[in-house]
$ cat upload-v6.pdb   # PDB, C-alpha atoms, pLDDT in the B column
ATOM      1  CA  PRO A 297     -12.140  -8.544  29.587  1.00 66.00           C
ATOM      2  CA  PRO A 298      -9.818  -8.071  26.589  1.00 73.00           C
ATOM      3  CA  ARG A 299      -8.607  -4.530  25.994  1.00 88.00           C
ATOM      4  CA  ARG A 300     -10.147  -2.979  22.887  1.00 93.00           C
ATOM      5  CA  LEU A 301      -7.799  -1.581  20.246  1.00 96.00           C
ATOM      6  CA  ARG A 302      -9.432   0.602  17.588  1.00 97.00           C
ATOM      7  CA  LEU A 303      -7.419   0.215  14.393  1.00 97.00           C
ATOM      8  CA  ALA A 304      -7.858   2.197  11.164  1.00 97.00           C
ATOM      9  CA  VAL A 305      -6.438   0.516   8.074  1.00 94.00           C
ATOM     10  CA  THR A 306      -5.870   1.678   4.504  1.00 87.00           C
ATOM     11  CA  ASN A 307      -5.675  -0.812   1.615  1.00 78.00           C
ATOM     12  CA  SER A 308      -2.597  -2.507   3.020  1.00 83.00           C
ATOM     13  CA  PRO A 309      -2.300  -6.251   2.336  1.00 89.00           C
ATOM     14  CA  VAL A 310      -0.654  -6.837   5.726  1.00 94.00           C
ATOM     15  CA  LEU A 311      -3.914  -6.649   7.706  1.00 94.00           C
ATOM     16  CA  PRO A 312      -4.867 -10.366   7.837  1.00 94.00           C
ATOM     17  CA  GLY A 313      -1.374 -11.437   8.874  1.00 96.00           C
ATOM     18  CA  LEU A 314      -1.099  -8.624  11.399  1.00 96.00           C
ATOM     19  CA  LEU A 315      -4.375  -9.545  13.099  1.00 96.00           C
ATOM     20  CA  SER A 316      -3.578 -13.254  13.280  1.00 96.00           C
ATOM     21  CA  ARG A 317      -0.127 -12.591  14.756  1.00 96.00           C
ATOM     22  CA  LEU A 318      -1.532 -10.043  17.207  1.00 95.00           C
ATOM     23  CA  ARG A 319      -4.055 -12.612  18.437  1.00 94.00           C
ATOM     24  CA  GLU A 320      -1.227 -15.073  19.097  1.00 95.00           C
ATOM     25  CA  ARG A 321       1.136 -12.607  20.791  1.00 94.00           C
ATOM     26  CA  ARG A 322      -1.362 -10.436  22.659  1.00 92.00           C
ATOM     27  CA  PRO A 323      -4.529 -12.432  23.383  1.00 91.00           C
ATOM     28  CA  GLY A 324      -5.539  -9.723  25.849  1.00 91.00           C
ATOM     29  CA  ILE A 325      -6.039  -7.222  23.009  1.00 92.00           C
ATOM     30  CA  ALA A 326      -9.294  -7.227  21.037  1.00 93.00           C
ATOM     31  CA  PRO A 327      -8.845  -5.179  17.836  1.00 94.00           C
ATOM     32  CA  THR A 328     -11.729  -3.572  15.990  1.00 95.00           C
ATOM     33  CA  VAL A 329     -10.988  -2.520  12.415  1.00 96.00           C
ATOM     34  CA  THR A 330     -12.168   0.571  10.545  1.00 95.00           C
ATOM     35  CA  SER A 331     -11.472   0.581   6.809  1.00 93.00           C
ATOM     36  CA  VAL A 332     -10.142   3.943   5.590  1.00 94.00           C
ATOM     37  CA  TYR A 333      -8.921   4.764   2.089  1.00 93.00           C
ATOM     38  CA  ALA A 334      -6.814   7.896   2.583  1.00 94.00           C
ATOM     39  CA  SER A 335      -3.844   7.996   4.948  1.00 95.00           C
ATOM     40  CA  SER A 336      -4.786  11.586   5.745  1.00 95.00           C
ATOM     41  CA  ASP A 337      -8.196  10.347   6.962  1.00 96.00           C
ATOM     42  CA  SER A 338      -6.449   7.866   9.264  1.00 96.00           C
ATOM     43  CA  VAL A 339      -4.395  10.700  10.735  1.00 96.00           C
ATOM     44  CA  GLU A 340      -7.550  12.759  11.229  1.00 97.00           C
ATOM     45  CA  LEU A 341      -9.212   9.884  13.103  1.00 97.00           C
ATOM     46  CA  LEU A 342      -6.128   9.552  15.302  1.00 97.00           C
ATOM     47  CA  GLU A 343      -6.025  13.270  16.031  1.00 97.00           C
ATOM     48  CA  LYS A 344      -9.692  13.232  17.094  1.00 97.00           C
ATOM     49  CA  GLY A 345      -9.172  10.172  19.272  1.00 96.00           C
ATOM     50  CA  ALA A 346     -11.665   8.168  17.195  1.00 97.00           C
ATOM     51  CA  VAL A 347      -9.093   5.363  16.749  1.00 97.00           C
ATOM     52  CA  ASP A 348      -6.041   4.277  18.738  1.00 97.00           C
ATOM     53  CA  ALA A 349      -3.733   3.179  15.913  1.00 97.00           C
ATOM     54  CA  ALA A 350      -3.631   3.054  12.138  1.00 97.00           C
ATOM     55  CA  ILE A 351      -1.821   1.443   9.249  1.00 96.00           C
ATOM     56  CA  ALA A 352      -1.112   4.081   6.625  1.00 95.00           C
ATOM     57  CA  ALA A 353       1.329   4.876   3.834  1.00 95.00           C
ATOM     58  CA  ASP A 354       3.628   7.682   2.791  1.00 96.00           C
ATOM     59  CA  TYR A 355       6.281   8.330   0.138  1.00 96.00           C
ATOM     60  CA  PRO A 356       9.944   9.390   0.011  1.00 93.00           C
ATOM     61  CA  GLY A 357      10.246  13.055   0.952  1.00 93.00           C
ATOM     62  CA  LEU A 358       6.581  13.144   2.035  1.00 95.00           C
ATOM     63  CA  GLU A 359       6.639  11.733   5.543  1.00 95.00           C
ATOM     64  CA  LEU A 360       3.280  11.283   7.257  1.00 94.00           C
ATOM     65  CA  ARG A 361       2.307  14.536   8.986  1.00 94.00           C
ATOM     66  CA  HIS A 362       0.531  14.751  12.333  1.00 96.00           C
ATOM     67  CA  SER A 363       0.619  16.466  15.716  1.00 96.00           C
ATOM     68  CA  ALA A 364       2.760  15.521  18.708  1.00 96.00           C
ATOM     69  CA  ALA A 365      -0.127  13.437  20.048  1.00 96.00           C
ATOM     70  CA  VAL A 366       0.575  10.875  17.330  1.00 97.00           C
ATOM     71  CA  THR A 367       3.699   8.820  16.659  1.00 97.00           C
ATOM     72  CA  HIS A 368       4.477   6.771  13.578  1.00 97.00           C
ATOM     73  CA  ARG A 369       7.041   4.171  12.579  1.00 97.00           C
ATOM     74  CA  GLY A 370       7.720   2.616   9.193  1.00 96.00           C
ATOM     75  CA  PHE A 371       7.696  -1.169   8.983  1.00 96.00           C
ATOM     76  CA  ALA A 372       8.197  -1.801   5.239  1.00 96.00           C
ATOM     77  CA  THR A 373       9.366   0.163   2.210  1.00 95.00           C
ATOM     78  CA  GLU A 374       8.871  -1.252  -1.252  1.00 95.00           C
ATOM     79  CA  PRO A 375       9.223  -0.179  -4.893  1.00 96.00           C
ATOM     80  CA  SER A 376       5.972   0.101  -6.807  1.00 97.00           C
ATOM     81  CA  PHE A 377       5.447  -2.361  -9.676  1.00 97.00           C
ATOM     82  CA  VAL A 378       3.225  -2.249 -12.751  1.00 98.00           C
ATOM     83  CA  ALA A 379       0.487  -4.703 -13.738  1.00 98.00           C
ATOM     84  CA  LEU A 380       0.132  -5.416 -17.467  1.00 98.00           C
ATOM     85  CA  PRO A 381      -2.174  -7.635 -19.508  1.00 98.00           C
ATOM     86  CA  ALA A 382      -0.534 -10.957 -20.337  1.00 97.00           C
ATOM     87  CA  THR A 383      -0.917 -10.014 -24.002  1.00 97.00           C
ATOM     88  CA  HIS A 384       0.999  -6.746 -23.591  1.00 97.00           C
ATOM     89  CA  ARG A 385       3.966  -6.151 -25.906  1.00 96.00           C
ATOM     90  CA  LEU A 386       6.238  -5.913 -22.832  1.00 97.00           C
ATOM     91  CA  CYS A 387       4.898  -8.922 -20.964  1.00 95.00           C
ATOM     92  CA  ARG A 388       8.165 -10.853 -21.394  1.00 94.00           C
ATOM     93  CA  ALA A 389      10.459  -7.986 -20.434  1.00 95.00           C
ATOM     94  CA  ARG A 390      12.441  -8.372 -17.227  1.00 94.00           C
ATOM     95  CA  ASP A 391      11.440  -4.866 -16.183  1.00 96.00           C
ATOM     96  CA  VAL A 392       9.462  -2.035 -17.744  1.00 97.00           C
ATOM     97  CA  ALA A 393      10.402   1.612 -18.106  1.00 97.00           C
ATOM     98  CA  LEU A 394       7.692   4.170 -17.421  1.00 97.00           C
ATOM     99  CA  ALA A 395       8.499   5.845 -20.739  1.00 96.00           C
ATOM    100  CA  ASP A 396       7.698   2.578 -22.555  1.00 96.00           C
ATOM    101  CA  LEU A 397       4.091   2.911 -21.360  1.00 97.00           C
ATOM    102  CA  VAL A 398       3.490   6.331 -22.885  1.00 95.00           C
ATOM    103  CA  ASP A 399       0.701   5.024 -25.131  1.00 94.00           C
ATOM    104  CA  ASP A 400      -1.074   2.950 -22.487  1.00 97.00           C
ATOM    105  CA  ALA A 401      -4.176   3.891 -20.512  1.00 97.00           C
ATOM    106  CA  TRP A 402      -3.701   3.900 -16.727  1.00 98.00           C
ATOM    107  CA  PHE A 403      -5.901   2.893 -13.814  1.00 97.00           C
ATOM    108  CA  LEU A 404      -5.023   5.103 -10.839  1.00 96.00           C
ATOM    109  CA  THR A 405      -6.492   5.209  -7.357  1.00 94.00           C
ATOM    110  CA  PRO A 406      -7.674   8.638  -6.125  1.00 94.00           C
ATOM    111  CA  ASP A 407      -5.793  11.134  -3.955  1.00 95.00           C
ATOM    112  CA  ASP A 408      -4.753   9.435  -0.708  1.00 94.00           C
ATOM    113  CA  GLY A 409      -3.898  12.638   1.119  1.00 93.00           C
ATOM    114  CA  ALA A 410      -0.273  11.531   1.521  1.00 94.00           C
ATOM    115  CA  GLY A 411       1.198  12.267  -1.914  1.00 96.00           C
ATOM    116  CA  TRP A 412      -0.489   9.907  -4.342  1.00 96.00           C
ATOM    117  CA  PRO A 413      -1.056  10.265  -7.300  1.00 96.00           C
ATOM    118  CA  GLY A 414       1.251  13.288  -7.328  1.00 97.00           C
ATOM    119  CA  VAL A 415       4.331  11.108  -7.013  1.00 97.00           C
ATOM    120  CA  PHE A 416       3.170   9.097 -10.038  1.00 97.00           C
ATOM    121  CA  TYR A 417       2.712  12.166 -12.226  1.00 97.00           C
ATOM    122  CA  ALA A 418       6.091  13.510 -11.080  1.00 97.00           C
ATOM    123  CA  ALA A 419       7.754  10.211 -12.076  1.00 97.00           C
ATOM    124  CA  CYS A 420       6.057  10.335 -15.485  1.00 97.00           C
ATOM    125  CA  GLU A 421       7.211  13.913 -15.994  1.00 97.00           C
ATOM    126  CA  ALA A 422      10.764  12.897 -15.096  1.00 97.00           C
ATOM    127  CA  ALA A 423      10.454  10.107 -17.696  1.00 97.00           C
ATOM    128  CA  GLY A 424       9.476  12.677 -20.327  1.00 96.00           C
ATOM    129  CA  PHE A 425       5.743  12.161 -20.789  1.00 96.00           C
ATOM    130  CA  ALA A 426       2.295  12.762 -19.356  1.00 96.00           C
ATOM    131  CA  PRO A 427      -0.240   9.900 -19.321  1.00 95.00           C
ATOM    132  CA  ALA A 428      -2.710  10.377 -22.158  1.00 89.00           C
ATOM    133  CA  THR A 429      -5.582   8.429 -20.591  1.00 94.00           C
ATOM    134  CA  VAL A 430      -6.201   7.987 -16.873  1.00 96.00           C
ATOM    135  CA  HIS A 431      -9.117   6.123 -15.290  1.00 95.00           C
ATOM    136  CA  GLU A 432      -9.638   7.016 -11.632  1.00 94.00           C
ATOM    137  CA  PHE A 433     -10.555   3.711 -10.066  1.00 92.00           C
ATOM    138  CA  LEU A 434     -11.263   2.725  -6.481  1.00 85.00           C
ATOM    139  CA  GLY A 435     -12.415  -0.869  -6.491  1.00 77.00           C
ATOM    140  CA  ASP A 436     -11.198  -4.231  -5.331  1.00 84.00           C
ATOM    141  CA  SER A 437      -8.075  -5.876  -6.690  1.00 88.00           C
ATOM    142  CA  LEU A 438      -9.944  -8.613  -8.562  1.00 91.00           C
ATOM    143  CA  GLN A 439     -12.063  -6.103 -10.469  1.00 94.00           C
ATOM    144  CA  LEU A 440      -8.993  -4.045 -11.335  1.00 95.00           C
ATOM    145  CA  GLN A 441      -7.094  -7.081 -12.546  1.00 96.00           C
ATOM    146  CA  ALA A 442     -10.067  -8.255 -14.607  1.00 96.00           C
ATOM    147  CA  MET A 443      -9.990  -4.964 -16.525  1.00 97.00           C
ATOM    148  CA  ILE A 444      -6.221  -5.157 -16.978  1.00 97.00           C
ATOM    149  CA  ALA A 445      -6.515  -8.739 -18.240  1.00 97.00           C
ATOM    150  CA  GLN A 446      -9.001  -7.488 -20.844  1.00 97.00           C
ATOM    151  CA  GLY A 447      -6.355  -5.083 -22.150  1.00 96.00           C
ATOM    152  CA  LEU A 448      -8.176  -1.955 -20.971  1.00 97.00           C
ATOM    153  CA  GLY A 449      -5.118  -0.422 -19.308  1.00 97.00           C
ATOM    154  CA  VAL A 450      -2.192  -0.872 -16.945  1.00 98.00           C
ATOM    155  CA  SER A 451      -1.788   0.087 -13.294  1.00 98.00           C
ATOM    156  CA  VAL A 452       0.804   0.829 -10.639  1.00 97.00           C
ATOM    157  CA  VAL A 453       0.402  -1.910  -8.022  1.00 96.00           C
ATOM    158  CA  GLN A 454       1.859  -3.018  -4.725  1.00 94.00           C
ATOM    159  CA  ALA A 455       4.880  -5.245  -5.173  1.00 94.00           C
ATOM    160  CA  THR A 456       3.271  -8.078  -3.200  1.00 94.00           C
ATOM    161  CA  LEU A 457       0.210  -8.271  -5.464  1.00 93.00           C
ATOM    162  CA  ARG A 458      -0.637 -11.796  -6.619  1.00 93.00           C
ATOM    163  CA  PRO A 459      -1.390 -11.555 -10.344  1.00 95.00           C
ATOM    164  CA  ALA A 460      -4.684 -13.003 -11.523  1.00 95.00           C
ATOM    165  CA  PRO A 461      -4.908 -15.080 -14.720  1.00 96.00           C
ATOM    166  CA  GLY A 462      -4.261 -12.855 -17.716  1.00 97.00           C
ATOM    167  CA  VAL A 463      -2.139 -10.377 -15.725  1.00 97.00           C
ATOM    168  CA  VAL A 464       1.624 -10.073 -15.273  1.00 97.00           C
ATOM    169  CA  VAL A 465       3.372  -7.906 -12.689  1.00 97.00           C
ATOM    170  CA  LYS A 466       6.725  -6.324 -13.562  1.00 97.00           C
ATOM    171  CA  PRO A 467       9.188  -4.054 -11.733  1.00 97.00           C
ATOM    172  CA  LEU A 468       9.629  -0.536 -13.081  1.00 97.00           C
ATOM    173  CA  SER A 469      13.121   0.147 -14.426  1.00 97.00           C
ATOM    174  CA  GLY A 470      15.157   2.174 -11.963  1.00 96.00           C
ATOM    175  CA  ALA A 471      12.421   1.916  -9.302  1.00 96.00           C
ATOM    176  CA  PRO A 472      11.069   5.463  -9.825  1.00 97.00           C
ATOM    177  CA  LEU A 473       8.190   4.970  -7.374  1.00 97.00           C
ATOM    178  CA  TRP A 474       8.387   3.878  -3.749  1.00 97.00           C
ATOM    179  CA  CYS A 475       5.847   3.451  -0.961  1.00 96.00           C
ATOM    180  CA  ARG A 476       6.411   3.112   2.772  1.00 96.00           C
ATOM    181  CA  TYR A 477       3.938   1.389   5.080  1.00 96.00           C
ATOM    182  CA  VAL A 478       3.729   2.872   8.559  1.00 96.00           C
ATOM    183  CA  LEU A 479       2.058   2.210  11.867  1.00 97.00           C
ATOM    184  CA  ALA A 480       0.773   5.358  13.567  1.00 97.00           C
ATOM    185  CA  TRP A 481      -0.678   5.496  17.069  1.00 97.00           C
ATOM    186  CA  ARG A 482      -1.790   7.798  19.866  1.00 97.00           C
ATOM    187  CA  GLY A 483       0.672   7.834  22.733  1.00 94.00           C
ATOM    188  CA  ASP A 484      -2.136   8.132  25.286  1.00 94.00           C
ATOM    189  CA  ALA A 485      -3.911   5.034  23.959  1.00 95.00           C
ATOM    190  CA  VAL A 486      -1.119   2.643  22.947  1.00 95.00           C
ATOM    191  CA  SER A 487       1.862   1.844  25.172  1.00 94.00           C
ATOM    192  CA  ASP A 488       5.394   1.567  23.830  1.00 94.00           C
ATOM    193  CA  ALA A 489       5.286  -2.208  24.337  1.00 93.00           C
ATOM    194  CA  GLN A 490       1.999  -2.512  22.474  1.00 94.00           C
ATOM    195  CA  ALA A 491       3.337  -0.345  19.631  1.00 96.00           C
ATOM    196  CA  ASP A 492       6.422  -2.558  19.415  1.00 96.00           C
ATOM    197  CA  THR A 493       4.176  -5.619  19.142  1.00 96.00           C
ATOM    198  CA  LEU A 494       2.011  -4.034  16.450  1.00 96.00           C
ATOM    199  CA  VAL A 495       5.054  -3.043  14.394  1.00 97.00           C
ATOM    200  CA  ALA A 496       6.569  -6.511  14.786  1.00 97.00           C
ATOM    201  CA  CYS A 497       3.318  -8.181  13.690  1.00 97.00           C
ATOM    202  CA  ALA A 498       2.927  -5.860  10.707  1.00 97.00           C
ATOM    203  CA  SER A 499       6.546  -6.369   9.660  1.00 97.00           C
ATOM    204  CA  ALA A 500       6.282 -10.165   9.941  1.00 97.00           C
ATOM    205  CA  SER A 501       3.059 -10.108   7.928  1.00 97.00           C
ATOM    206  CA  TYR A 502       4.738  -8.084   5.180  1.00 96.00           C
ATOM    207  CA  ARG A 503       7.768 -10.405   5.056  1.00 96.00           C
ATOM    208  CA  ALA A 504       5.431 -13.383   4.637  1.00 96.00           C
ATOM    209  CA  LEU A 505       3.704 -11.649   1.724  1.00 95.00           C
ATOM    210  CA  ALA A 506       7.044 -10.799   0.123  1.00 95.00           C
ATOM    211  CA  ALA A 507       8.210 -14.397   0.445  1.00 95.00           C
ATOM    212  CA  ARG A 508       5.209 -15.536  -1.616  1.00 93.00           C
ATOM    213  CA  SER A 509       5.769 -12.953  -4.362  1.00 93.00           C
ATOM    214  CA  ALA A 510       8.029 -14.401  -7.057  1.00 90.00           C
ATOM    215  CA  HIS A 511       8.367 -11.114  -8.943  1.00 89.00           C
ATOM    216  CA  LEU A 512       9.326  -9.212  -5.784  1.00 90.00           C
ATOM    217  CA  ARG A 513      11.877 -11.843  -4.734  1.00 89.00           C
ATOM    218  CA  ALA A 514      13.406 -11.707  -8.210  1.00 87.00           C
TER
END

$ encode --input "upload-v6.pdb" --output "structure tokens"
Amino acid sequence: PPRRLRLAVTNSPVLPGLLSRLRERRPGIAPTVTSVYASSDSVELLEKGAVDAAIAADYPGLELRHSAAVTHRGFATEPSFVALPATHRLCRARDVALADLVDDAWFLTPDDGAGWPGVFYAACEAAGFAPATVHEFLGDSLQLQAMIAQGLGVSVVQATLRPAPGVVVKPLSGAPLWCRYVLAWRGDAVSDAQADTLVACASASYRALAARSAHLRA
């Protein structure tokens, strides 16, 4: 029978491509997916042996922390972008400075246990302001983009996000925010060869997403 692989995944867009590539390259592996929001929760599941591997995220200077029973490897690092309503005063700008958004409301996802949203607030402080209005929001991408399209606020987004009608995605000037996607796994549950395959599949999935993102390619 196929070997089960218990995989915890945060809100990374690479999951569909990873699973399809894993099925092609390792048909003897049968992954089961557990959706987890916080990277710290993924690490906790790994430490307890509740999952075998996980896709998580960390930030520059805040590398994912875990015991020696767990190993991790980065497979993609990207600058964070900002999603604006298509009617925004900066919608035609090539890039947008954080300081130019001082008067805008923000949609931010909650604490992910790996450094977010602390890195966002630190970047705002470095830009000379503190966000006046923040909506803590943990919903799907379509719902978030619907609110942005209505002019209710702006949001930091993943650089591979496909903008919905009424939304534009722009790079932040100077790339003040970065995110790294990592694969973490238990050494007693995942072999080196299997880890190599998982990283290769995740990396290929990310490259395919990046190739379809006009604003990221630019």

$ residues_near_point --input "upload-v6.pdb" --point "(6.8, -8.2, 5.6)" --cutoff "10 Å" --atoms "only C-alpha atoms" --output "PyMOL selection string"
chain A and resi 309-310+313-314+371-374+456+496-507

$ write_last_selection --input "upload-v6.pdb" --atoms "C-alpha atoms" --output "mmCIF file, in the frame of the given file"
data_model
loop_
_atom_site.group_PDB
_atom_site.id
_atom_site.type_symbol
_atom_site.label_atom_id
_atom_site.label_comp_id
_atom_site.auth_asym_id
_atom_site.auth_seq_id
_atom_site.Cartn_x
_atom_site.Cartn_y
_atom_site.Cartn_z
ATOM 1 C CA PRO A 309 -2.300 -6.251 2.336
ATOM 2 C CA VAL A 310 -0.654 -6.837 5.726
ATOM 3 C CA GLY A 313 -1.374 -11.437 8.874
ATOM 4 C CA LEU A 314 -1.099 -8.624 11.399
ATOM 5 C CA PHE A 371 7.696 -1.169 8.983
ATOM 6 C CA ALA A 372 8.197 -1.801 5.239
ATOM 7 C CA THR A 373 9.366 0.163 2.210
ATOM 8 C CA GLU A 374 8.871 -1.252 -1.252
ATOM 9 C CA THR A 456 3.271 -8.078 -3.200
ATOM 10 C CA ALA A 496 6.569 -6.511 14.786
ATOM 11 C CA CYS A 497 3.318 -8.181 13.690
ATOM 12 C CA ALA A 498 2.927 -5.860 10.707
ATOM 13 C CA SER A 499 6.546 -6.369 9.660
ATOM 14 C CA ALA A 500 6.282 -10.165 9.941
ATOM 15 C CA SER A 501 3.059 -10.108 7.928
ATOM 16 C CA TYR A 502 4.738 -8.084 5.180
ATOM 17 C CA ARG A 503 7.768 -10.405 5.056
ATOM 18 C CA ALA A 504 5.431 -13.383 4.637
ATOM 19 C CA LEU A 505 3.704 -11.649 1.724
ATOM 20 C CA ALA A 506 7.044 -10.799 0.123
ATOM 21 C CA ALA A 507 8.210 -14.397 0.445
#

$ closest_residue --input "upload-v6.pdb" --among "A:Ile444, A:Ala491, A:Val465, A:Val486" --to "Ala510 (chain A)" --atoms "all atoms listed in the file"
A:Val465

$ residues_around --input "upload-v6.pdb" --residues "region 357-370 of chain A" --least-positions-apart "4" --cutoff "12 Å" --atoms "only C-alpha atoms" --output "VMD selection string"
chain A and resid 334 to 345 347 to 353 374 408 to 412 414 to 415 473 to 488 491 to 492 494 to 496 498 to 499 502

$ atom_distance --input "upload-v6.pdb" --atom1 "CA of Pro381 (chain A)" --atom2 "CA of Leu397 (chain A)"
12.4 Å

$ axis_aligned_box --input "upload-v6.pdb" --around "region 375-389 of chain A" --padding-each-side "5 Å" --output "lines of an AutoDock Vina configuration file"
center_x = 4.1
center_y = -5.4
center_z = -15.4
size_x = 22.6
size_y = 21.1
size_z = 31.0

$ closest_residue --input "upload-v6.pdb" --among "A:Ala514, A:Ala442, A:Leu468, A:Val463" --to "Ala395 (chain A)" --atoms "all atoms listed in the file"
A:Leu468

$ closest_residue --input "upload-v6.pdb" --among "A:Thr429, A:Gln441, A:Thr383, A:Ser376" --to "Pro467 (chain A)" --atoms "all atoms listed in the file"
A:Ser376

$ closest_residue --input "upload-v6.pdb" --among "A:Val450, A:Ala418, A:Ala428, A:Leu438" --to "Phe403 (chain A)" --atoms "all atoms listed in the file"
A:Val450

$ residues_around --input "upload-v6.pdb" --residues "Arg385 (chain A)" --least-positions-apart "2" --cutoff "12 Å" --atoms "only C-alpha atoms" --output "count of residues only"
14

$ resolve_selection --input "upload-v6.pdb" --expression "the PyMOL selection byres ((chain A and resi 423) around 12)" --output "list in words"
Ala393, Leu394, Ala395, Asp396, Leu397, Val398, Phe416, Tyr417, Ala418, Ala419, Cys420, Glu421, Ala422, Gly424, Phe425, Ala426, Pro427, Leu468, Ser469, Gly470, Ala471, Pro472 and Leu473 of chain A

$ residues_near_point --input "upload-v6.pdb" --point "(-8.2, -2.4, -8.4)" --cutoff "10 Å" --atoms "only C-alpha atoms" --output "ChimeraX atom specification"
/A:403-405,433-444,451-453

$ closest_residue --input "upload-v6.pdb" --among "A:Ala379, A:Ala455, A:Leu448, A:Leu301" --to "Leu315 (chain A)" --atoms "all atoms listed in the file"
A:Leu301

$ atom_distance --input "upload-v6.pdb" --atom1 "CA of Arg319 (chain A)" --atom2 "CA of Thr493 (chain A)"
10.8 Å

$ decode --input "upload-v6.pdb" --residues "region 445-492 of chain A" --atoms "C-alpha atoms" --output "mmCIF file, in the first residue's frame"
data_model
loop_
_atom_site.group_PDB
_atom_site.id
_atom_site.type_symbol
_atom_site.label_atom_id
_atom_site.label_comp_id
_atom_site.auth_asym_id
_atom_site.auth_seq_id
_atom_site.Cartn_x
_atom_site.Cartn_y
_atom_site.Cartn_z
ATOM 1 C CA ALA A 445 -12.195 46.389 -4.293
ATOM 2 C CA GLN A 446 -14.917 48.230 -2.364
ATOM 3 C CA GLY A 447 -12.300 50.691 -1.106
ATOM 4 C CA LEU A 448 -12.499 49.525 2.513
ATOM 5 C CA GLY A 449 -8.733 49.204 2.943
ATOM 6 C CA VAL A 450 -5.456 47.861 1.597
ATOM 7 C CA SER A 451 -3.496 44.742 2.514
ATOM 8 C CA VAL A 452 -0.035 43.216 2.413
ATOM 9 C CA VAL A 453 -0.315 40.195 0.111
ATOM 10 C CA GLN A 454 1.797 37.402 -1.292
ATOM 11 C CA ALA A 455 3.594 38.419 -4.457
ATOM 12 C CA THR A 456 1.993 35.596 -6.451
ATOM 13 C CA LEU A 457 -1.569 36.697 -5.654
ATOM 14 C CA ARG A 458 -3.835 36.923 -8.703
ATOM 15 C CA PRO A 459 -5.752 40.197 -8.379
ATOM 16 C CA ALA A 460 -9.525 40.004 -8.625
ATOM 17 C CA PRO A 461 -11.517 42.574 -10.630
ATOM 18 C CA GLY A 462 -11.318 45.942 -8.912
ATOM 19 C CA VAL A 463 -7.961 45.172 -7.253
ATOM 20 C CA VAL A 464 -4.394 46.004 -8.274
ATOM 21 C CA VAL A 465 -1.253 44.510 -6.749
ATOM 22 C CA LYS A 466 1.881 46.658 -6.489
ATOM 23 C CA PRO A 467 5.415 46.114 -5.153
ATOM 24 C CA LEU A 468 6.427 48.092 -2.079
ATOM 25 C CA SER A 469 9.233 50.578 -2.730
ATOM 26 C CA GLY A 470 12.540 49.265 -1.442
ATOM 27 C CA ALA A 471 11.003 45.865 -0.602
ATOM 28 C CA PRO A 472 10.741 46.505 3.167
ATOM 29 C CA LEU A 473 8.929 43.216 3.829
ATOM 30 C CA TRP A 474 10.054 39.716 2.901
ATOM 31 C CA CYS A 475 8.682 36.232 3.520
ATOM 32 C CA ARG A 476 10.404 32.874 3.171
ATOM 33 C CA TYR A 477 8.512 29.646 2.533
ATOM 34 C CA VAL A 478 10.037 26.578 4.149
ATOM 35 C CA LEU A 479 9.540 22.848 4.265
ATOM 36 C CA ALA A 480 10.006 21.370 7.737
ATOM 37 C CA TRP A 481 10.024 17.662 8.532
ATOM 38 C CA ARG A 482 10.768 15.075 11.201
ATOM 39 C CA GLY A 483 13.969 13.193 10.495
ATOM 40 C CA ASP A 484 12.504 9.963 11.876
ATOM 41 C CA ALA A 485 9.496 10.122 9.546
ATOM 42 C CA VAL A 486 10.838 11.565 6.282
ATOM 43 C CA SER A 487 14.004 10.311 4.585
ATOM 44 C CA ASP A 488 16.544 12.647 3.022
ATOM 45 C CA ALA A 489 15.444 11.517 -0.447
ATOM 46 C CA GLN A 490 11.792 12.154 0.344
ATOM 47 C CA ALA A 491 12.634 15.592 1.772
ATOM 48 C CA ASP A 492 14.576 16.415 -1.393
#
